[in-house]
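Chemist: File name structure15.json; file contents JSON, C-alpha atoms; full text below.
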```json
[["chain", "number", "residue", "atom", "x", "y", "z"],
["A", 187, "MET", "CA", 256.81, 204.36, -28.83],
["A", 188, "LYS", "CA", 255.64, 201.33, -26.83],
["A", 189, "THR", "CA", 254.28, 198.26, -28.60],
["A", 190, "LEU", "CA", 251.62, 195.84, -27.44],
["A", 191, "TYR", "CA", 251.12, 192.39, -28.98],
["A", 192, "LEU", "CA", 247.91, 190.48, -28.22],
["A", 193, "LEU", "CA", 248.01, 186.79, -28.99],
["A", 194, "ARG", "CA", 245.45, 184.05, -28.56],
["A", 195, "HIS", "CA", 246.76, 180.54, -27.92],
["A", 196, "ALA", "CA", 247.12, 178.20, -30.87],
["A", 197, "LYS", "CA", 244.57, 175.47, -31.66],
["A", 198, "SER", "CA", 243.95, 173.28, -28.64],
["A", 199, "SER", "CA", 243.00, 169.65, -28.35],
["A", 200, "TRP", "CA", 239.62, 168.39, -27.19],
["A", 201, "SER", "CA", 240.59, 164.71, -27.55],
["A", 202, "ASP", "CA", 240.74, 163.96, -23.80],
["A", 203, "ALA", "CA", 237.38, 164.75, -22.22],
["A", 204, "THR", "CA", 238.76, 163.98, -18.77],
["A", 205, "LEU", "CA", 241.10, 166.99, -18.78],
["A", 206, "SER", "CA", 239.97, 170.23, -17.20],
["A", 207, "ASP", "CA", 239.85, 173.26, -19.46],
["A", 208, "ARG", "CA", 243.00, 174.65, -17.86],
["A", 209, "LEU", "CA", 244.97, 171.49, -18.72],
["A", 210, "ARG", "CA", 244.02, 171.14, -22.39],
["A", 211, "PRO", "CA", 247.18, 171.01, -24.56],
["A", 212, "LEU", "CA", 247.69, 172.12, -28.13],
["A", 213, "ASN", "CA", 246.80, 169.71, -30.91],
["A", 214, "LYS", "CA", 249.20, 168.94, -33.78],
["A", 215, "ARG", "CA", 247.89, 171.83, -35.88],
["A", 216, "GLY", "CA", 248.31, 174.19, -32.93],
["A", 217, "ARG", "CA", 251.86, 173.05, -32.22],
["A", 218, "ASN", "CA", 252.83, 173.61, -35.86],
["A", 219, "ALA", "CA", 251.11, 177.00, -35.99],
["A", 220, "ALA", "CA", 252.76, 178.21, -32.78],
["A", 221, "SER", "CA", 256.18, 177.35, -34.20],
["A", 222, "GLN", "CA", 255.34, 179.17, -37.45],
["A", 223, "VAL", "CA", 254.21, 182.26, -35.56],
["A", 224, "GLY", "CA", 257.43, 182.13, -33.53],
["A", 225, "ARG", "CA", 259.48, 182.08, -36.72],
["A", 226, "PHE", "CA", 257.46, 184.99, -38.12],
["A", 227, "VAL", "CA", 257.89, 187.04, -34.94],
["A", 228, "HIS", "CA", 261.63, 186.38, -34.97],
["A", 229, "SER", "CA", 262.05, 187.14, -38.68],
["A", 230, "ARG", "CA", 260.34, 190.52, -38.26],
["A", 231, "GLY", "CA", 262.27, 191.47, -35.13],
["A", 232, "LEU", "CA", 259.08, 191.46, -33.06],
["A", 233, "VAL", "CA", 260.24, 189.43, -30.05],
["A", 234, "PRO", "CA", 258.82, 191.33, -27.06],
["A", 235, "ASP", "CA", 260.71, 192.63, -24.03],
["A", 236, "LEU", "CA", 258.22, 190.93, -21.67],
["A", 237, "VAL", "CA", 255.49, 188.30, -22.03],
["A", 238, "LEU", "CA", 252.44, 188.07, -19.79],
["A", 239, "CYS", "CA", 250.89, 184.65, -20.29],
["A", 240, "SER", "CA", 247.87, 182.80, -18.98],
["A", 241, "PRO", "CA", 248.91, 179.83, -16.82],
["A", 242, "ALA", "CA", 246.77, 177.39, -18.85],
["A", 243, "THR", "CA", 248.63, 174.55, -20.55],
["A", 244, "ARG", "CA", 247.70, 175.62, -24.10],
["A", 245, "THR", "CA", 248.95, 179.20, -23.63],
["A", 246, "ARG", "CA", 252.17, 178.05, -21.99],
["A", 247, "GLU", "CA", 252.72, 175.55, -24.80],
["A", 248, "THR", "CA", 252.02, 178.23, -27.43],
["A", 249, "LEU", "CA", 254.63, 180.48, -25.82],
["A", 250, "GLN", "CA", 257.20, 177.67, -25.53],
["A", 251, "ARG", "CA", 256.83, 176.67, -29.18],
["A", 252, "MET", "CA", 257.20, 180.30, -30.24],
["A", 253, "ALA", "CA", 260.17, 180.95, -27.95],
["A", 254, "ASP", "CA", 261.94, 177.86, -29.32],
["A", 255, "GLU", "CA", 262.23, 179.83, -32.58],
["A", 256, "TRP", "CA", 263.80, 182.91, -30.95],
["A", 257, "ASP", "CA", 267.46, 183.57, -30.21],
["A", 258, "ALA", "CA", 266.63, 184.28, -26.58],
["A", 259, "ALA", "CA", 263.36, 184.07, -24.71],
["A", 260, "PRO", "CA", 262.18, 187.24, -22.97],
["A", 261, "PRO", "CA", 261.14, 187.29, -19.32],
["A", 262, "VAL", "CA", 257.70, 185.74, -18.75],
["A", 263, "ARG", "CA", 255.12, 186.34, -16.05],
["A", 264, "TYR", "CA", 252.19, 183.96, -15.74],
["A", 265, "GLU", "CA", 249.06, 185.95, -14.93],
["A", 266, "GLU", "CA", 245.94, 184.29, -13.57],
["A", 267, "GLY", "CA", 243.89, 187.25, -14.83],
["A", 268, "LEU", "CA", 244.59, 186.19, -18.40],
["A", 269, "TYR", "CA", 242.92, 182.83, -17.75],
["A", 270, "GLU", "CA", 240.05, 183.87, -15.54],
["A", 271, "PHE", "CA", 239.16, 186.95, -17.53],
["A", 272, "SER", "CA", 236.09, 188.73, -16.20],
["A", 273, "ALA", "CA", 234.58, 192.19, -16.05],
["A", 274, "GLY", "CA", 236.52, 192.71, -12.81],
["A", 275, "SER", "CA", 239.90, 192.08, -14.40],
["A", 276, "SER", "CA", 241.08, 193.51, -17.65],
["A", 277, "TYR", "CA", 243.96, 193.20, -20.02],
["A", 278, "LEU", "CA", 244.34, 196.96, -19.75],
["A", 279, "SER", "CA", 245.11, 196.76, -16.02],
["A", 280, "LEU", "CA", 247.90, 194.26, -16.77],
["A", 281, "VAL", "CA", 249.30, 196.50, -19.49],
["A", 282, "ARG", "CA", 249.23, 199.52, -17.19],
["A", 283, "ALA", "CA", 251.06, 197.57, -14.48],
["A", 284, "ALA", "CA", 253.95, 196.61, -16.81],
["A", 285, "PRO", "CA", 257.31, 198.10, -15.84],
["A", 286, "ALA", "CA", 257.95, 201.50, -17.40],
["A", 287, "ASP", "CA", 261.14, 200.30, -19.09],
["A", 288, "VAL", "CA", 259.31, 197.62, -21.13],
["A", 289, "GLY", "CA", 259.19, 198.83, -24.72],
["A", 290, "SER", "CA", 257.21, 195.90, -26.12],
["A", 291, "LEU", "CA", 254.78, 193.68, -24.27],
["A", 292, "MET", "CA", 253.03, 190.49, -25.42],
["A", 293, "LEU", "CA", 249.88, 189.15, -23.76],
["A", 294, "ILE", "CA", 248.96, 185.54, -24.47],
["A", 295, "GLY", "CA", 245.43, 184.65, -23.51],
["A", 296, "HIS", "CA", 242.21, 183.03, -24.60],
["A", 297, "ASN", "CA", 239.81, 185.59, -25.98],
["A", 298, "PRO", "CA", 239.33, 185.53, -29.76]]
```
Rewrite the structure from the file as C-alpha cells, please.

Modeler:
Amino acid sequence: MKTLYLLRHAKSSWSDATLSDRLRPLNKRGRNAASQVGRFVHSRGLVPDLVLCSPATRTRETLQRMADEWDAAPPVRYEEGLYEFSAGSSYLSLVRAAPADVGSLMLIGHNP
C-alpha cells in the first residue's frame, strides 16, 4: 500500500516586513517544532521515499530541520505548484505524477 504524508510548514516569522512572502523564514517556535516533528517521523519509521516541497524559504527550512533528525534524507523535488497553489494546479496532480516505485510520498506546502 502506498502512503501519502501532507505537511504544512512550521510557524513562520513575520518580524521583517520587508521580506516577500516567499522569503519568510521560520521563527524560533517553528524551528523547534520542525525538529520535533522530524524526531517523531524518524521514531515511527515514517521517513518518506520522496519529498515534494514548496520552494518557499519556510517550507525548505521545515524540511531541513526535519531531515536533520533522520538517518538519511530522502530525495527532494521542489515544486512551484506547492507554493502557487490555485484551482489550476492541485496536490493530486503532483501525487499522480510521482514515480510508480515511490512507496511513501511527503508533500510540504502552505495550506492549513

Chemist: So that I can check the surroundings of stretch 233-248 of chain A, please list as a PDB file with C-alpha atoms, keeping the file's coordinate frame every protein, DNA and RNA residue that reaches within 7 Å of it, counting all atoms listed in the file and ignoring chain neighbours fewer than 5 positions away.

Modeler:
```
ATOM      1  CA  HIS A 195     246.760 180.540 -27.920  1.00  0.00           C
ATOM      2  CA  ALA A 196     247.120 178.200 -30.870  1.00  0.00           C
ATOM      3  CA  SER A 198     243.950 173.280 -28.640  1.00  0.00           C
ATOM      4  CA  ARG A 208     243.000 174.650 -17.860  1.00  0.00           C
ATOM      5  CA  LEU A 209     244.970 171.490 -18.720  1.00  0.00           C
ATOM      6  CA  ARG A 210     244.020 171.140 -22.390  1.00  0.00           C
ATOM      7  CA  PRO A 211     247.180 171.010 -24.560  1.00  0.00           C
ATOM      8  CA  LEU A 212     247.690 172.120 -28.130  1.00  0.00           C
ATOM      9  CA  ALA A 220     252.760 178.210 -32.780  1.00  0.00           C
ATOM     10  CA  VAL A 227     257.890 187.040 -34.940  1.00  0.00           C
ATOM     11  CA  HIS A 228     261.630 186.380 -34.970  1.00  0.00           C
ATOM     12  CA  PRO A 260     262.180 187.240 -22.970  1.00  0.00           C
ATOM     13  CA  PRO A 261     261.140 187.290 -19.320  1.00  0.00           C
ATOM     14  CA  VAL A 262     257.700 185.740 -18.750  1.00  0.00           C
ATOM     15  CA  ARG A 263     255.120 186.340 -16.050  1.00  0.00           C
ATOM     16  CA  TYR A 264     252.190 183.960 -15.740  1.00  0.00           C
ATOM     17  CA  GLU A 265     249.060 185.950 -14.930  1.00  0.00           C
ATOM     18  CA  GLU A 266     245.940 184.290 -13.570  1.00  0.00           C
ATOM     19  CA  LEU A 268     244.590 186.190 -18.400  1.00  0.00           C
ATOM     20  CA  TYR A 269     242.920 182.830 -17.750  1.00  0.00           C
ATOM     21  CA  VAL A 288     259.310 197.620 -21.130  1.00  0.00           C
ATOM     22  CA  GLY A 289     259.190 198.830 -24.720  1.00  0.00           C
ATOM     23  CA  SER A 290     257.210 195.900 -26.120  1.00  0.00           C
ATOM     24  CA  LEU A 291     254.780 193.680 -24.270  1.00  0.00           C
ATOM     25  CA  MET A 292     253.030 190.490 -25.420  1.00  0.00           C
ATOM     26  CA  LEU A 293     249.880 189.150 -23.760  1.00  0.00           C
ATOM     27  CA  ILE A 294     248.960 185.540 -24.470  1.00  0.00           C
ATOM     28  CA  GLY A 295     245.430 184.650 -23.510  1.00  0.00           C
TER      29      GLY A 295
END
```

Chemist: Work out how far atom CA of A:Ser201 is from atom CA of A:Asn218, in Å to one decimal.

Modeler: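 These two atoms are separated by 17.3 Å.
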
Chemist: Between A:Arg282, A:Tyr277, A:Glu270, A:Gly224, which has the minimum distance to A:Glu255 (counting all atoms listed in the file)?

Modeler: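 Under the stated criterion, the closest residue is A:Gly224.
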
Chemist: Closest to A:Arg225 among A:Ala253, A:Gly267, A:Asn297, A:Ser279, using all atoms listed in the file?

Modeler: A:Ala253

Chemist: Record the distance separating atom CA of A:Gly231 and atom CA of A:Ala258, expressed in Å with one decimal.

Modeler: 12.0 Å
